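Shown below: work15.txt, with compact mmCIF, C-alpha atoms.
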```txt
# COMPACT_ATOMS: atom_id res chain seq x y z
CA MET W 1 13.80 11.80 -4.77
CA ARG W 2 15.67 9.67 -7.27
CA TYR W 3 13.84 7.35 -9.70
CA GLU W 4 15.72 4.35 -11.10
CA ALA W 5 14.49 1.61 -13.40
CA PRO W 6 17.07 -1.20 -13.42
CA GLU W 7 16.77 -4.05 -15.92
CA THR W 8 18.40 -6.80 -13.85
CA LEU W 9 17.95 -8.17 -10.34
CA ASP W 10 21.61 -7.50 -9.57
CA ALA W 11 21.29 -3.86 -10.58
CA ALA W 12 18.17 -3.47 -8.42
CA VAL W 13 19.90 -5.04 -5.40
CA GLU W 14 22.93 -2.79 -5.93
CA LEU W 15 20.76 0.35 -6.08
CA LEU W 16 18.83 -0.57 -2.94
CA SER W 17 21.83 -1.63 -0.88
CA SER W 18 23.91 1.44 -1.78
CA GLU W 19 21.17 3.91 -0.75
CA SER W 20 21.35 4.84 2.93
CA GLY W 21 18.19 6.98 2.97
CA VAL W 22 14.54 5.95 2.61
CA LYS W 23 14.22 3.53 -0.27
CA LYS W 24 11.12 1.99 -1.75
CA VAL W 25 10.49 -0.61 -4.42
CA LEU W 26 7.91 0.45 -7.03
CA ALA W 27 5.78 -2.19 -8.72
CA GLY W 28 2.21 -1.08 -9.56
CA GLY W 29 2.46 1.98 -7.33
CA THR W 30 -1.18 1.81 -6.25
CA ASP W 31 -0.20 1.91 -2.59
CA LEU W 32 3.23 3.55 -2.79
CA LEU W 33 2.09 6.63 -4.71
CA VAL W 34 -0.86 7.15 -2.38
CA GLN W 35 1.50 7.01 0.61
CA MET W 36 3.86 9.47 -1.06
CA LYS W 37 1.04 11.90 -1.88
CA THR W 38 -0.45 11.75 1.59
CA ASP W 39 2.97 12.47 3.14
CA LEU W 40 3.21 9.10 4.89
CA ILE W 41 6.61 8.49 3.31
CA HIS W 42 9.21 10.58 1.51
CA PRO W 43 11.52 8.21 -0.32
CA ASP W 44 15.02 9.29 -1.31
CA LEU W 45 15.11 6.49 -3.85
CA VAL W 46 12.35 4.71 -5.75
CA VAL W 47 13.43 1.59 -7.64
CA ASP W 48 10.95 0.67 -10.36
CA ILE W 49 11.36 -3.08 -10.84
CA LYS W 50 9.01 -3.44 -13.83
CA GLY W 51 11.92 -3.36 -16.27
CA ILE W 52 13.24 -6.67 -14.89
CA GLY W 53 11.97 -9.37 -17.23
CA GLU W 54 11.49 -12.24 -14.77
CA MET W 55 9.42 -10.07 -12.44
CA ARG W 56 6.84 -9.46 -15.16
CA GLN W 57 6.31 -13.06 -16.34
CA ILE W 58 4.16 -16.07 -15.51
CA THR W 59 6.00 -19.31 -16.35
CA GLN W 60 5.39 -23.03 -15.78
CA GLU W 61 7.86 -24.56 -13.34
CA ASN W 62 7.90 -28.14 -11.99
CA GLY W 63 4.22 -28.54 -12.84
CA GLY W 64 3.37 -25.32 -10.96
CA TYR W 65 3.63 -21.64 -11.72
CA ARG W 66 6.33 -19.05 -11.16
CA ILE W 67 4.62 -15.64 -11.06
CA GLY W 68 6.74 -12.50 -11.18
CA ALA W 69 6.04 -10.19 -8.26
CA ALA W 70 5.24 -7.32 -10.67
CA VAL W 71 2.62 -9.18 -12.73
CA THR W 72 -0.62 -7.17 -12.57
CA GLY W 73 -4.04 -8.38 -11.46
CA ALA W 74 -5.37 -7.95 -14.99
CA GLU W 75 -2.56 -10.11 -16.36
CA LEU W 76 -3.25 -12.84 -13.79
CA GLU W 77 -6.89 -12.92 -14.91
CA GLU W 78 -5.96 -13.01 -18.60
CA HIS W 79 -3.55 -15.95 -18.25
CA PRO W 80 -4.98 -18.94 -20.17
CA THR W 81 -4.68 -21.58 -17.42
CA LEU W 82 -3.84 -19.91 -14.10
CA SER W 83 -7.49 -19.26 -13.13
CA LYS W 84 -8.36 -22.90 -13.82
CA ASP W 85 -5.59 -24.24 -11.60
CA TRP W 86 -5.61 -21.55 -8.90
CA PRO W 87 -9.00 -19.79 -9.01
CA GLY W 88 -8.72 -18.66 -5.38
CA VAL W 89 -5.34 -17.00 -5.85
CA VAL W 90 -6.58 -15.13 -8.93
CA GLU W 91 -9.91 -14.06 -7.42
CA GLY W 92 -8.12 -12.73 -4.34
CA ALA W 93 -5.77 -10.63 -6.46
CA ASN W 94 -8.64 -9.48 -8.69
CA LEU W 95 -10.64 -8.14 -5.72
CA ILE W 96 -8.07 -5.39 -5.16
CA GLY W 97 -9.53 -2.04 -6.27
CA SER W 98 -11.13 -1.03 -9.54
CA THR W 99 -10.45 -1.95 -13.17
CA GLN W 100 -7.92 0.89 -13.25
CA ILE W 101 -6.16 -0.44 -10.14
CA GLN W 102 -6.15 -3.96 -11.59
CA GLY W 103 -4.20 -2.63 -14.55
CA ARG W 104 -1.33 -1.79 -12.22
CA ALA W 105 -1.66 -3.54 -8.85
CA THR W 106 0.57 -6.57 -8.22
CA MET W 107 0.65 -9.43 -5.71
CA GLY W 108 4.22 -8.49 -4.79
CA GLY W 109 3.09 -4.99 -3.91
CA ASN W 110 -0.02 -6.19 -2.11
CA LEU W 111 2.09 -8.47 0.09
CA CYS W 112 4.88 -5.97 0.76
CA ASN W 113 2.47 -3.12 1.49
CA GLY W 114 2.01 -5.02 4.73
CA SER W 115 -1.73 -4.66 5.27
CA PRO W 116 -3.38 -7.37 7.42
CA ALA W 117 -6.41 -7.01 5.11
CA ALA W 118 -4.47 -7.50 1.84
CA ASP W 119 -6.86 -9.41 -0.43
CA SER W 120 -4.31 -11.47 -2.38
CA VAL W 121 -2.48 -12.80 0.66
CA PRO W 122 -4.86 -15.35 2.30
CA GLY W 123 -5.29 -17.09 -1.07
CA LEU W 124 -1.52 -17.29 -1.52
CA ILE W 125 -1.03 -18.61 2.00
CA ALA W 126 -3.77 -21.21 1.51
CA ALA W 127 -2.12 -22.21 -1.77
CA GLY W 128 1.13 -22.96 0.04
CA ALA W 129 2.86 -20.37 -2.13
CA THR W 130 6.46 -19.39 -1.48
CA VAL W 131 8.27 -16.20 -2.42
CA THR W 132 11.76 -15.73 -3.76
CA VAL W 133 13.41 -12.73 -2.14
CA ALA W 134 16.49 -11.04 -3.60
CA GLY W 135 18.96 -9.03 -1.54
CA PRO W 136 22.63 -8.24 -1.05
CA LYS W 137 23.27 -11.77 0.26
CA GLY W 138 21.65 -13.39 -2.77
CA LYS W 139 18.29 -15.07 -3.12
CA ARG W 140 16.24 -16.84 -0.47
CA GLU W 141 12.91 -18.65 -0.39
CA MET W 142 10.26 -18.25 2.26
CA PRO W 143 6.59 -19.20 2.74
CA VAL W 144 4.18 -16.33 2.06
CA GLU W 145 2.79 -16.57 5.61
CA ASP W 146 6.21 -15.66 7.02
CA VAL W 147 6.61 -12.42 5.03
CA MET W 148 4.29 -10.15 7.02
CA VAL W 149 4.96 -9.96 10.76
CA GLY W 150 2.54 -7.17 11.66
CA PRO W 151 0.82 -4.13 10.18
CA ARG W 152 3.37 -2.55 7.75
CA LYS W 153 6.09 -4.79 9.22
CA LEU W 154 7.86 -7.34 7.03
CA ALA W 155 10.44 -10.05 7.57
CA ILE W 156 12.14 -8.63 4.48
CA GLY W 157 14.80 -5.93 4.76
CA ALA W 158 14.67 -2.51 3.10
CA ASP W 159 17.44 -3.62 0.74
CA GLU W 160 15.56 -6.80 -0.21
CA PHE W 161 12.52 -7.32 -2.43
CA VAL W 162 10.16 -10.07 -3.53
CA VAL W 163 11.07 -11.32 -7.01
CA SER W 164 8.40 -13.95 -7.60
CA PHE W 165 5.80 -16.28 -6.15
CA PHE W 166 5.81 -20.04 -6.68
CA LEU W 167 2.53 -21.96 -6.77
CA PRO W 168 3.10 -25.73 -6.53
CA ALA W 169 1.82 -28.40 -8.92
CA ARG W 170 -1.83 -29.42 -8.58
CA ALA W 171 -3.12 -32.89 -7.60
CA ALA W 172 -6.08 -34.36 -9.55
CA HIS W 173 -8.99 -33.24 -7.34
CA ALA W 174 -7.75 -30.00 -5.89
CA ALA W 175 -9.03 -26.43 -5.90
CA ASP W 176 -8.93 -23.22 -3.92
CA ALA W 177 -11.18 -20.24 -3.25
CA TYR W 178 -10.97 -16.81 -1.69
CA GLU W 179 -13.92 -14.84 -0.39
CA ARG W 180 -14.02 -11.60 1.48
CA PHE W 181 -16.73 -9.72 3.26
CA ILE W 182 -17.18 -5.99 2.69
CA PRO W 183 -20.18 -3.75 3.43
CA ARG W 184 -20.63 -2.90 -0.26
CA THR W 185 -20.28 -4.88 -3.49
CA GLU W 186 -17.04 -3.51 -4.91
CA MET W 187 -13.95 -1.49 -4.04
CA ASP W 188 -13.61 -1.76 -0.30
CA ILE W 189 -11.20 -3.17 2.27
CA ALA W 190 -11.92 -6.61 3.69
CA VAL W 191 -13.74 -6.87 7.02
CA VAL W 192 -12.68 -10.51 6.83
CA GLY W 193 -11.02 -12.48 4.03
CA ALA W 194 -10.78 -16.28 3.87
CA GLY W 195 -8.65 -18.44 1.59
CA VAL W 196 -9.10 -22.22 1.47
CA ASN W 197 -7.17 -24.76 -0.60
CA LEU W 198 -8.32 -28.39 -0.67
CA THR W 199 -7.11 -31.69 -2.12
CA LEU W 200 -9.63 -34.56 -2.30
CA ASP W 201 -9.30 -38.28 -2.99
CA ASP W 202 -11.47 -40.03 -5.62
CA SER W 203 -14.30 -40.52 -3.10
CA GLY W 204 -14.46 -36.84 -2.20
CA LYS W 205 -12.68 -37.11 1.14
CA ILE W 206 -10.38 -34.18 1.98
CA THR W 207 -6.81 -35.44 2.13
CA ASP W 208 -5.09 -32.08 2.47
CA ALA W 209 -6.27 -28.60 3.40
CA ARG W 210 -4.90 -25.15 4.10
CA VAL W 211 -7.05 -22.38 5.56
CA ALA W 212 -5.96 -18.74 5.83
CA LEU W 213 -7.72 -15.70 7.24
CA GLY W 214 -7.14 -12.00 6.56
CA ALA W 215 -8.15 -8.83 8.45
CA VAL W 216 -8.74 -10.63 11.77
CA ALA W 217 -5.24 -10.37 13.26
CA PRO W 218 -2.14 -8.14 12.97
CA ARG W 219 -1.16 -10.19 9.92
CA PRO W 220 -2.85 -12.72 7.61
CA LEU W 221 -3.01 -16.07 9.40
CA LEU W 222 -2.46 -19.66 8.39
CA VAL W 223 -4.99 -21.47 10.60
CA LYS W 224 -3.76 -25.04 11.00
CA ASP W 225 -6.54 -26.01 13.42
CA ALA W 226 -9.14 -25.02 10.85
CA ALA W 227 -7.48 -27.26 8.26
CA ALA W 228 -7.24 -30.13 10.77
CA ALA W 229 -10.99 -29.78 11.43
CA ILE W 230 -11.86 -30.76 7.85
CA ILE W 231 -9.05 -33.13 6.79
CA GLY W 232 -10.40 -36.68 6.55
CA THR W 233 -14.00 -35.48 6.10
CA THR W 234 -16.27 -34.89 3.10
CA LEU W 235 -17.00 -31.39 4.45
CA ASP W 236 -20.21 -32.55 6.07
CA ASP W 237 -22.16 -30.37 8.51
CA GLU W 238 -20.16 -31.60 11.49
CA ALA W 239 -16.85 -30.73 9.77
CA LEU W 240 -18.14 -27.30 8.78
CA LYS W 241 -19.16 -26.63 12.36
CA LYS W 242 -15.67 -27.53 13.60
CA LEU W 243 -14.11 -25.40 10.85
CA ASP W 244 -16.25 -22.45 11.93
CA ALA W 245 -15.18 -22.84 15.56
CA ALA W 246 -11.49 -23.22 14.69
CA ALA W 247 -11.57 -20.14 12.44
CA GLN W 248 -13.23 -18.07 15.18
CA ALA W 249 -10.72 -19.31 17.77
CA ALA W 250 -7.81 -18.02 15.64
CA CYS W 251 -9.15 -14.47 15.41
CA GLN W 252 -7.49 -11.59 17.26
CA PRO W 253 -9.15 -8.71 15.42
CA ILE W 254 -9.40 -5.00 16.15
CA ASN W 255 -12.50 -2.84 16.53
CA ASP W 256 -12.76 -0.29 13.75
CA LYS W 257 -15.32 1.37 11.52
CA ARG W 258 -15.64 -1.78 9.42
CA GLY W 259 -16.53 -4.08 12.29
CA THR W 260 -16.27 -4.88 15.97
CA VAL W 261 -14.20 -7.71 17.43
CA GLU W 262 -17.34 -9.83 17.94
CA TYR W 263 -18.63 -9.15 14.43
CA ARG W 264 -15.33 -9.89 12.70
CA THR W 265 -14.90 -13.10 14.69
CA LYS W 266 -18.38 -14.34 13.82
CA VAL W 267 -17.98 -13.41 10.13
CA ALA W 268 -14.61 -15.22 10.02
CA GLY W 269 -16.34 -18.47 10.94
CA VAL W 270 -19.09 -17.98 8.38
CA LEU W 271 -16.67 -16.98 5.64
CA ALA W 272 -14.34 -19.91 6.35
CA ARG W 273 -17.30 -22.28 5.90
CA ARG W 274 -18.51 -20.64 2.68
CA THR W 275 -15.04 -20.48 1.17
CA ALA W 276 -14.33 -24.11 2.08
CA GLN W 277 -17.60 -25.11 0.40
CA THR W 278 -16.70 -23.22 -2.77
CA ALA W 279 -13.23 -24.81 -2.86
CA TYR W 280 -14.74 -28.23 -2.17
CA ASP W 281 -17.33 -27.93 -4.96
CA ARG W 282 -14.65 -26.80 -7.37
CA ALA W 283 -12.36 -29.70 -6.43
CA ARG W 284 -15.21 -32.24 -6.81
CA ASN W 285 -15.97 -30.96 -10.29
CA LYS W 286 -12.41 -31.49 -11.49
CA MET V 1 17.36 15.48 -11.21
CA LYS V 2 14.89 16.07 -14.01
CA HIS V 3 14.01 13.21 -16.31
CA HIS V 4 13.68 13.64 -20.03
CA ILE V 5 10.82 11.42 -21.11
CA ALA V 6 9.53 10.64 -24.60
CA PHE V 7 6.29 8.82 -25.23
CA ASN V 8 3.25 8.83 -27.52
CA VAL V 9 -0.06 10.47 -26.68
CA ASN V 10 -2.94 9.37 -28.91
CA GLY V 11 -0.37 8.32 -31.50
CA ASP V 12 1.63 11.56 -31.50
CA PRO V 13 5.18 11.62 -30.13
CA VAL V 14 5.69 13.99 -27.20
CA GLU V 15 8.62 14.88 -24.95
CA ALA V 16 8.75 16.43 -21.53
CA LEU V 17 11.13 17.28 -18.74
CA CYS V 18 9.73 16.09 -15.43
CA GLU V 19 10.61 15.74 -11.79
CA PRO V 20 10.85 12.10 -10.67
CA ASP V 21 7.89 12.51 -8.34
CA GLN V 22 5.60 14.12 -10.88
CA THR V 23 2.81 11.86 -12.05
CA LEU V 24 1.68 11.07 -15.58
CA LEU V 25 -1.40 13.19 -14.78
CA ASP V 26 0.81 16.16 -13.84
CA VAL V 27 2.74 15.86 -17.09
CA LEU V 28 -0.38 15.53 -19.25
CA ARG V 29 -2.06 18.55 -17.68
CA ASP V 30 0.78 20.86 -16.67
CA GLU V 31 3.54 20.13 -19.18
CA LEU V 32 1.60 19.03 -22.28
CA GLU V 33 -1.52 21.13 -21.58
CA LEU V 34 -3.79 18.17 -22.27
CA ILE V 35 -6.36 19.19 -19.67
CA GLY V 36 -9.15 16.86 -20.77
CA THR V 37 -7.88 14.33 -18.23
CA LYS V 38 -9.16 15.49 -14.84
CA GLU V 39 -7.71 15.38 -11.37
CA GLY V 40 -10.16 14.16 -8.75
CA CYS V 41 -8.99 12.38 -5.63
CA SER V 42 -5.31 11.87 -6.63
CA THR V 43 -5.34 8.54 -4.80
CA GLY V 44 -6.76 6.14 -7.40
CA ASP V 45 -10.27 6.00 -5.99
CA CYS V 46 -12.33 8.19 -8.34
CA GLY V 47 -11.16 7.37 -11.87
CA ALA V 48 -11.39 10.96 -13.15
CA CYS V 49 -7.79 10.72 -14.38
CA SER V 50 -8.32 7.46 -16.32
CA VAL V 51 -6.11 6.98 -19.38
CA THR V 52 -4.77 3.94 -21.18
CA VAL V 53 -1.08 3.05 -21.10
CA ASP V 54 -0.06 0.51 -23.75
CA GLY V 55 -3.76 -0.29 -24.07
CA ARG V 56 -4.32 -0.86 -20.36
CA LEU V 57 -6.77 1.29 -18.38
CA VAL V 58 -5.00 2.97 -15.44
CA CYS V 59 -5.25 5.99 -13.14
CA SER V 60 -2.74 8.53 -14.42
CA CYS V 61 -2.50 9.99 -10.89
CA LEU V 62 -0.92 6.72 -9.69
CA MET V 63 1.84 6.50 -12.26
CA LEU V 64 5.14 8.34 -11.98
CA ALA V 65 5.95 10.30 -15.10
CA PRO V 66 9.34 8.57 -15.65
CA GLU V 67 7.47 5.26 -15.81
CA VAL V 68 5.71 6.32 -18.99
CA ASN V 69 8.90 6.76 -21.01
CA GLY V 70 8.55 4.87 -24.30
CA LYS V 71 4.91 4.01 -23.76
CA GLU V 72 1.71 4.67 -25.72
CA VAL V 73 -0.78 6.77 -23.78
CA GLY V 74 -4.43 7.18 -24.76
CA THR V 75 -6.42 10.14 -23.39
CA ILE V 76 -9.86 11.66 -23.91
CA GLU V 77 -8.34 14.03 -26.50
CA GLY V 78 -7.83 11.02 -28.78
CA MET V 79 -11.44 9.93 -28.71
CA ALA V 80 -13.20 12.17 -31.24
CA GLN V 81 -11.89 12.21 -34.80
CA GLY V 82 -11.72 15.96 -35.43
CA GLU V 83 -15.32 17.19 -35.23
CA LYS V 84 -16.71 13.65 -35.36
CA LEU V 85 -17.60 12.39 -31.92
CA HIS V 86 -16.97 8.80 -30.86
CA PRO V 87 -20.26 6.86 -30.57
CA LEU V 88 -19.81 6.81 -26.78
CA GLN V 89 -19.52 10.59 -26.70
CA ARG V 90 -22.61 10.97 -28.89
CA LYS V 91 -24.62 8.56 -26.75
CA PHE V 92 -23.56 10.37 -23.58
CA LEU V 93 -25.07 13.54 -25.03
CA GLU V 94 -28.23 11.78 -26.24
CA HIS V 95 -28.81 10.13 -22.86
CA ALA V 96 -27.76 13.20 -20.85
CA ALA V 97 -25.23 10.96 -19.12
CA LEU V 98 -23.39 13.87 -17.53
CA GLN V 99 -24.12 16.87 -15.39
CA CYS V 100 -21.05 18.70 -14.12
CA GLY V 101 -18.77 16.76 -16.44
CA ILE V 102 -15.75 16.29 -14.20
CA CYS V 103 -16.00 12.50 -14.21
CA THR V 104 -16.98 12.29 -17.89
CA PRO V 105 -13.56 12.07 -19.60
CA GLY V 106 -12.53 9.27 -17.24
CA VAL V 107 -15.81 7.44 -17.70
CA LEU V 108 -15.55 7.71 -21.49
CA VAL V 109 -11.95 6.48 -21.59
CA ALA V 110 -12.87 3.59 -19.27
CA ALA V 111 -16.00 2.69 -21.26
CA LYS V 112 -14.05 2.74 -24.54
CA SER V 113 -11.51 0.39 -22.99
CA LEU V 114 -14.33 -1.97 -21.95
CA LEU V 115 -15.95 -2.04 -25.39
CA GLU V 116 -12.60 -2.76 -27.05
CA ARG V 117 -12.33 -5.89 -24.91
CA ASN V 118 -15.99 -6.78 -24.71
CA PRO V 119 -18.21 -5.36 -27.47
CA ASP V 120 -21.36 -6.91 -25.95
CA PRO V 121 -21.20 -6.39 -22.17
CA THR V 122 -24.11 -7.05 -19.82
CA GLU V 123 -25.33 -4.21 -17.64
CA THR V 124 -23.64 -5.91 -14.68
CA GLU V 125 -20.34 -6.07 -16.54
CA VAL V 126 -20.60 -2.37 -17.39
CA ARG V 127 -21.33 -1.49 -13.76
CA TYR V 128 -18.39 -3.54 -12.41
CA TRP V 129 -16.00 -2.26 -15.06
CA LEU V 130 -16.94 1.35 -14.24
CA ALA V 131 -16.98 0.84 -10.44
CA GLY V 132 -13.73 2.80 -10.23
CA ASN V 133 -15.25 5.86 -11.92
CA LEU V 134 -17.14 7.92 -9.37
CA CYS V 135 -19.89 10.35 -10.41
CA ARG V 136 -21.10 12.63 -7.64
CA CYS V 137 -23.97 14.08 -9.70
CA THR V 138 -25.56 10.60 -9.42
CA GLY V 139 -25.69 9.92 -13.12
CA TYR V 140 -24.86 6.23 -13.04
CA ASP V 141 -28.08 4.94 -14.60
CA LYS V 142 -27.78 7.28 -17.54
CA ILE V 143 -24.08 6.51 -17.92
CA VAL V 144 -24.78 2.78 -18.01
CA ARG V 145 -27.64 3.25 -20.49
CA ALA V 146 -25.43 5.37 -22.74
CA VAL V 147 -22.64 2.76 -22.69
CA MET V 148 -25.07 -0.07 -23.47
CA ASP V 149 -26.63 1.93 -26.31
CA ALA V 150 -23.23 2.89 -27.76
CA ALA V 151 -22.14 -0.75 -27.57
CA ALA V 152 -25.27 -1.82 -29.47
CA GLU V 153 -24.70 0.81 -32.15
CA MET V 154 -21.01 -0.07 -32.50
CA ARG V 155 -21.85 -3.77 -32.88
CA GLY V 156 -24.29 -2.90 -35.66
CA ALA V 157 -21.91 -0.53 -37.42
```
Structure rendered as structure tokens:
Amino acid sequence: MRYEAPETLDAAVELLSSESGVKKVLAGGTDLLVQMKTDLIHPDLVVDIKGIGEMRQITQENGGYRIGAAVTGAELEEHPTLSKDWPGVVEGANLIGSTQIQGRATMGGNLCNGSPAADSVPGLIAAGATVTVAGPKGKREMPVEDVMVGPRKLAIGADEFVVSFFLPARAAHAADAYERFIPRTEMDIAVVGAGVNLTLDDSGKITDARVALGAVAPRPLLVKDAAAAIIGTTLDDEALKKLDAAAQAACQPINDKRGTVEYRTKVAGVLARRTAQTAYDRARNK
Amino acid sequence: MKHHIAFNVNGDPVEALCEPDQTLLDVLRDELELIGTKEGCSTGDCGACSVTVDGRLVCSCLMLAPEVNGKEVGTIEGMAQGEKLHPLQRKFLEHAALQCGICTPGVLVAAKSLLERNPDPTETEVRYWLAGNLCRCTGYDKIVRAVMDAAAEMRGA
């Protein structure tokens, strides 16, 4: 195995595209190193992208945020304004692993690890976040919901990598939330995760919504029907009931030790309601 | 190809030759003979290998050795000043907050990192911060009490 730590995007692209064997991008390493140690993968080349300045920074851009793909969970939490503007995105990322894992784990890695239960991804999808991907043909932008296509399968090539996330500017009464259900209180993999992002008008009516679910399908889902169920409402009981039904209808989960198909589907409805309420209350208080 | 890496451990400069797939934990224990840092699960779940890198608490089993080049690493060996124990170490003894001791270096390094950021944590904050440090002798209550007591003493000192 070769380890390289390029300092520019171009150098990283060159390294990845000139390697014909198994190549992996290293950000926080909290998934990659585990996969290496458990003999799931044997890379010929590991490209550590943490030496590339723009991948390690959070900057303001067009009223929103550009977040480098290798910014850690701890750094997201410590940013002075990010948690105020995008609490759901930050709480999703901060639910990954322990304090020690938060010191290393990144949203870029969480997304590209390709787990349907990745905790940072529903919040990013709900936020309408996009990623910038670098590769031999240059840079391209894509919505976060298009990156994962199935378990461990990405719409990004082995010679490409995620450089940064972009979170758009915030309207006046807007907020997001992410909640997950696990059988214990800390350090587990989501049975269901729900991300909701809402924009309200001055009277408290929802003018825009995005709802995303994790761990209930082969990839995290943007559930447009669930958003449609609450747009134009004040998230009254009737709207919550429709949201619950739309969230359940989108589920195509698996049975596993964390939950059956029926259980996951039911919990997805409940969690969508709770998360929407949290996002709504936050948006009203802005 | 071996990598020549140079970094600081507890303020002292060290150098090592390492394979690219060796971890920081491997280098600390096998190359530098700093065996206070323990290997538990090797997959970032148990926290026995906790160290700080540039002031940030991490699992040394989940960091490739070449990544640590040029960085400042803090381990359990840097905690006591000669014969003088750190207040956390003293309180762990007073409260009998350890049995077999395998998790203890990681817990101490993690607790020190918490108190540097938050000198007056609540019990809940201590428990969440240490959730990534597993103790299989079931000593959590004593560990939490020792950390709270050490924090109180350090605030008064």
Quiz item: Using only C-alpha atoms, which chain W residues lie at most 10 Å away from chain V, written as a count of residues only?
Solution: 36
Practice problem: Scan for residues within 12 Å of the point (-20.5, -22.4, 2.1) in the coordinates of the file, using only C-alpha atoms, and reply as a list in words. | Solution: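 Protein and nucleic acid residues near the point are Ala177, Tyr178, Glu179, Ala194, Val196, Leu235, Asp236, Asp237, Ala239, Leu240, Lys241, Leu243, Asp244, Gly269, Val270, Leu271, Ala272, Arg273, Arg274, Thr275, Ala276, Gln277, Thr278, Ala279, Tyr280, Asp281 and Arg282 of chain W.
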Self-check item: Distance query 12 Å from (-23.7, -3.8, -18.2) using only C-alpha atoms, result as a PyMOL selection string
Solution: chain V and resi 111+114-115+118-131+140-152
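In this model, the gap between atom CA of Cys100 of chain V and atom CA of Cys137 of chain V comes to 7.0 Å.
Proximity of W:Leu111, W:Val133, W:Leu95, W:Ala127 to Pro220 of chain W, computed with all atoms listed in the file, is greatest for W:Leu111.
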Quiz item: Which one of V:Ile76, V:Pro87, V:Ile5, V:Asp54 sits closest to Glu31 of chain V if you count all atoms listed in the file?
Solution: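 Of V:Ile76, V:Pro87, V:Ile5, V:Asp54, the one nearest Glu31 of chain V, counting all atoms listed in the file, is V:Ile5.
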Practice problem: Do a neighbour search on Thr37 of chain V at 12 Å with all atoms listed in the file, toss out local chain neighbours closer than 4 positions, and write the hits as a PyMOL selection string. | Solution: chain V and resi 24-30+32-33+47-52+59-61+73-79+101-110
Quiz prompt | Two-atom distance - atom CA of Val216 of chain W, atom CA of Gly259 of chain W (Å) | solution =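 These atoms are spaced 10.2 Å apart.
Across the structure, atom CA of Arg219 of chain W and atom CA of Asp146 of chain W are spaced 9.6 Å apart.
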Quiz item: Can you list, as an NGL selection string, every protein, DNA or RNA residue that comes within 9 Å of Asn113 of chain W when you count all atoms listed in the file, leaving out same-chain residues fewer than 4 positions away?
Solution: :W and (31-32 or 108-109 or 118 or 151-154)
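Ranking W:Ser83, W:Lys205, W:Ala229, W:Ala215 by their shortest atom-to-atom distance to Lys242 of chain W, with all atoms listed in the file included, puts W:Ala229 first.
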Practice problem: Using only C-alpha atoms, pick whichever of W:Ile96, W:Val163, W:Ala126, W:Val89 has the shortest atom-to-atom distance to Thr8 of chain W. | Solution: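 Of the candidates, the smallest distance to Thr8 of chain W is held by W:Val163.
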